[in-house]
Each structure stands twice: as C-alpha cells, then as structure tokens.
Amino acid sequence: MQERLQQLAAVIDDVLLGKPEVIRLSLACLLARGHLLIEDLPGLGKTTLAHALAKVLGLDYQRVQFTSDMLPGDILGGAVYDQQQASFRLHKGPVFTELLLADEINRTSPKTQSALLEAMEERQVSLDGQRHALPEVFFVIATQNPTEQYGTFPLPESQLDRFLMRVSIGYPTAEAEEQMLLQGGAADQLGGVQQLLNPEQLLEAQTLVSQMQVSPAVISYLQRLAQYSRDSQHFSLGLSPRGSLAVLNAAKAWAFLEGRAYVLPDDVQQVFPAVAGHRLVGRELLHPGSEHDPASYLLSQVDVLS
C-alpha cells in the first residue's frame with residue numbers, strides 16, 4: 001500500500017511541479033481523515049492539486065466557487081417542489097461528494113462558512129429536520145486568499161481549528177516553471193493522469209493509519225510541545241487537546257507514507273507546522289511565515305529527549 005501511495009505522489013508531482021512536500025502533506029491530511037486549507041494567491045495550483053488527487057484516487061469531485069452572496073443552501077442543498085409528484089424532494093448540494101474543492105472560502109459570509117464547516121465536522125447534513133450522511137470518504141480542500149485582499153471574511157480561530165492542516169503552495173522554482181511552460185500547463189498533464197487507487201483501498205489505508213504504533217516517548221514529546229505552548233508567555237493561544245490529537249493523527253499518516261508501522265519524533269516535527277501553525281497565536285514577534293513563526297519557534301524550544 002505504501003509503495004502505491006508513493007507512486008501516487010510521484011504522479012501528482014508530475015502535474016504540480018516542484019511541490020513534493022505540499023503533495024505529501026495533502027496525502028497525509030487525507031489519510032488522517034482530516035480536511036485541508038490552502039492559503040495562497042490565485043493561480044498557484046490549488047485547483048490543480050485537488051483535481052489531480054481526485055483523479056488518482058478515483059473520487060467523485062465537485063468544485064464550488066464561493067462568493068459574497070452565496071447561501072448555505074447553495075452548498076448543502078434543500079427541498080425542491082416536484083410538480084409531477086406534487087411533493088417536495090431532496091435536492092442534494094455539491095457537499096454530497098467525496099472530494100470537495102471549496103474555492104476562496106473566505107469570500108463568502110460567516111453564515112455560509114459555518115454551514116460547510118459543520119458538515120466537515122459531523123460528516124452529515126441536516127435538511128428539513130432530517131440528517132443525511134455524507135460519503136464515507138469525504139475530503140474538503142478549501143482555498144483562502146490572503147486576508148489583506150479586498151472582500152474577504154477571515155475565518156476565526158474556532159473555524160480554522162476544523163481544518164487538520166493549513167499549507168501554502170507558493171511560487172514554483174525557476175526550473176519547475178520552465179518545465180511547466182514547456183509542457184503547456186497543468187491542464188494538459190491532468191488529461192493523462194490515471195487512477196491508481198479506489199475509494200475502498202483509500203478507506204483501508206485510513207484504517208491502517210489509525211492503527212499505527214506510537215511509543216510513550218513520542219506521546220510525551222507531543223504533550224510537552226502542547227504544554228509549552230500553553231505555559232509560555234510568547235503565546236496568547238496555545239495548542240488545545242484537539243490540536244494535540246490532530247498532530248498525532250497527522251504524524252501517523254506521515255509515518256505510514258514513509259513506509260513504517262510506528263511513529264518517530266521526526267514525523268511529529270514534519271507535520272507540526274502545517275497542523276499547529278493555524279492553531280497557535282503568538283505574541284509580539286511570533287507571526288506565521290516570518291523567522292519567528294510560532295510553530296517553528298515551539299519546536300526549537302522543546303527537546304525531544306527531555
């Protein structure tokens with residue numbers, strides 16, 4: 001299974017050139033049954049990544065462009081009157097899919113944001129007093145423009161916490177961009193992407209990830225990271241217990257992609273910035289993306305062997 005996943009990552013890397021770490025983090029997020037938030041400028045490959053993942057995994061795929069006038073029903077669906085049957089029938093919205101790309105989620109109102117985030121958390125939708133389960137494989141990739149751009153509604157910390165990881169794709173290297181220009185862009189490459197896994201195999205891999213072995217030493221290291229963030233004067237918001245569990249689940253998935261059946265402290269360190277970065281709020285000079293990034297600073301302050 002691990003070999004197949006490595007092949008899968010290599011295929012996506014041929015489409016999203018020069019971003020192997022982002023691709024691996026995205027796969028780890030999916031294997032850990034989480035959801036992914038990509039914060040970046042337009043045109044850097046967010047849609048390409050989502051589409052490539054859907055194709056290689058054989059997942060049903062829907063893309064929704066969020067706008068300021070979008071309503072919760074546009075995402076969830078609702079009851080529609082059928083004149084022939086003289087009754088109302090359920091019209092399922094785009095959320096009823098296996099991989100949903102929520103493009104520019106911070107362009108819509110907090111009410112619509114909350115409707116999607118509730119579905120992500122509970123993996124079900126309540127419509128007209130009835131609950132409707134979402135597909136067993138349900139993965140949301142949400143994109144977010146930088147908050148300083150015009151017309152955005154920033155996600156509050158409580159809603160950011162619903163995403164297992166937050167990553168940034170960033171600009172390609174000069175070599176990757178030259179190769180992309182020679183190949184004619186990602187659209188041409190996507191046409192040749194073949195399915196390598198099916199949803200049933202993905203569910204099997206997710207089960208194997210949940211059964212990964214974790215030693216008491218790794219648990220102790222993770223707890224000390226969380227405790228330091230809560231006690232240190234450099235943080236105004238530390239890592240919550242749910243955040244600690246998110247790091248652990250992501251570390252299991254990363255170790256699985258590495259071909260191991262157990263988790264190492266290095267696995268925790270590899271996923272920590274993506275999982276904890278949007279959950280930590282630093283004071284003074286601790287700002288995400290700077291040399292004083294909260295997650296990186298926290299890793300530097302806690303000894304693995306303490």
# chains A, B, ... in the order shown; residues from 1 in each chain; ligands from 1

$ closest_atom_pairs --of "stretch 5-73 of chain A" --to "stretch 191-202 of chain A" --cutoff "6 Å" --atoms "only C-alpha atoms" --output "Markdown table"
| residue | atom | partner | partner_atom | distance |
| --- | --- | --- | --- | --- |
| A:Lys55 | CA | A:Gln195 | CA | 5.7 |
| A:Val56 | CA | A:Gln195 | CA | 4.0 |
| A:Leu57 | CA | A:Leu197 | CA | 4.7 |
| A:Gly58 | CA | A:Asn198 | CA | 5.3 |

$ write_last_selection --atoms "N, CA and C atoms" --output "mmCIF file, in the first residue's frame"
data_model
loop_
_atom_site.group_PDB
_atom_site.id
_atom_site.type_symbol
_atom_site.label_atom_id
_atom_site.label_comp_id
_atom_site.auth_asym_id
_atom_site.auth_seq_id
_atom_site.Cartn_x
_atom_site.Cartn_y
_atom_site.Cartn_z
ATOM 1 N N LYS A 55 -8.468 12.450 -9.331
ATOM 2 C CA LYS A 55 -8.292 11.530 -10.451
ATOM 3 C C LYS A 55 -7.497 10.292 -10.057
ATOM 4 N N VAL A 56 -6.394 10.474 -9.331
ATOM 5 C CA VAL A 56 -5.563 9.313 -8.999
ATOM 6 C C VAL A 56 -6.240 8.414 -7.971
ATOM 7 N N LEU A 57 -7.180 8.960 -7.190
ATOM 8 C CA LEU A 57 -7.877 8.177 -6.173
ATOM 9 C C LEU A 57 -9.263 7.724 -6.617
ATOM 10 N N GLY A 58 -9.680 8.139 -7.793
ATOM 11 C CA GLY A 58 -10.988 7.734 -8.283
ATOM 12 C C GLY A 58 -12.140 8.271 -7.458
#

$ closest_atom_pairs --of "stretch 23-98 of chain A" --to "stretch 106-112 of chain A" --cutoff "6 Å" --atoms "only C-alpha atoms" --output "JSON lines"
{"residue": "A:Phe66", "atom": "CA", "partner": "A:Thr108", "partner_atom": "CA", "distance": 5.6}
{"residue": "A:Thr67", "atom": "CA", "partner": "A:Thr108", "partner_atom": "CA", "distance": 4.9}
{"residue": "A:Ser68", "atom": "CA", "partner": "A:Thr108", "partner_atom": "CA", "distance": 4.2}
{"residue": "A:Leu71", "atom": "CA", "partner": "A:Thr112", "partner_atom": "CA", "distance": 5.7}
{"residue": "A:Pro72", "atom": "CA", "partner": "A:Thr112", "partner_atom": "CA", "distance": 4.7}

$ write_last_selection --atoms "N, CA, C and O atoms" --output "compact mmCIF listing (two decimals), in the first residue's frame"
# COMPACT_ATOMS: atom_id res chain seq x y z
N PHE A 66 -16.80 30.14 -4.07
CA PHE A 66 -17.52 30.89 -3.04
C PHE A 66 -17.55 32.37 -3.39
O PHE A 66 -16.56 32.94 -3.84
N THR A 67 -18.72 32.98 -3.17
CA THR A 67 -18.91 34.40 -3.42
C THR A 67 -19.63 35.02 -2.24
O THR A 67 -20.17 34.32 -1.38
N SER A 68 -19.67 36.34 -2.21
CA SER A 68 -20.24 37.04 -1.06
C SER A 68 -21.75 36.83 -0.93
O SER A 68 -22.30 36.96 0.17
N LEU A 71 -25.46 31.37 -0.31
CA LEU A 71 -26.24 30.98 0.85
C LEU A 71 -25.90 29.55 1.25
O LEU A 71 -25.40 28.77 0.43
N PRO A 72 -26.17 29.17 2.51
CA PRO A 72 -25.89 27.78 2.94
C PRO A 72 -26.55 26.74 2.04
O PRO A 72 -25.97 25.68 1.77

$ residues_around --residues "stretch 155-159 of chain A" --least-positions-apart "4" --cutoff "10 Å" --atoms "only C-alpha atoms" --output "number ranges by chain"
A: 105-106, 109-110, 113-114, 117-118, 144, 147, 163, 237, 278-281

$ select_by_dssp --residues "stretch 172-235 of chain A" --states "alpha helix (DSSP H)" --output "PyMOL selection string"
chain A and resi 174-183+186-190+199-210+216-231

$ closest_residue --among "A:Ala295, A:Met120, A:Leu44, A:Ala246" --to "A:Leu164" --atoms "only C-alpha atoms"
A:Ala246
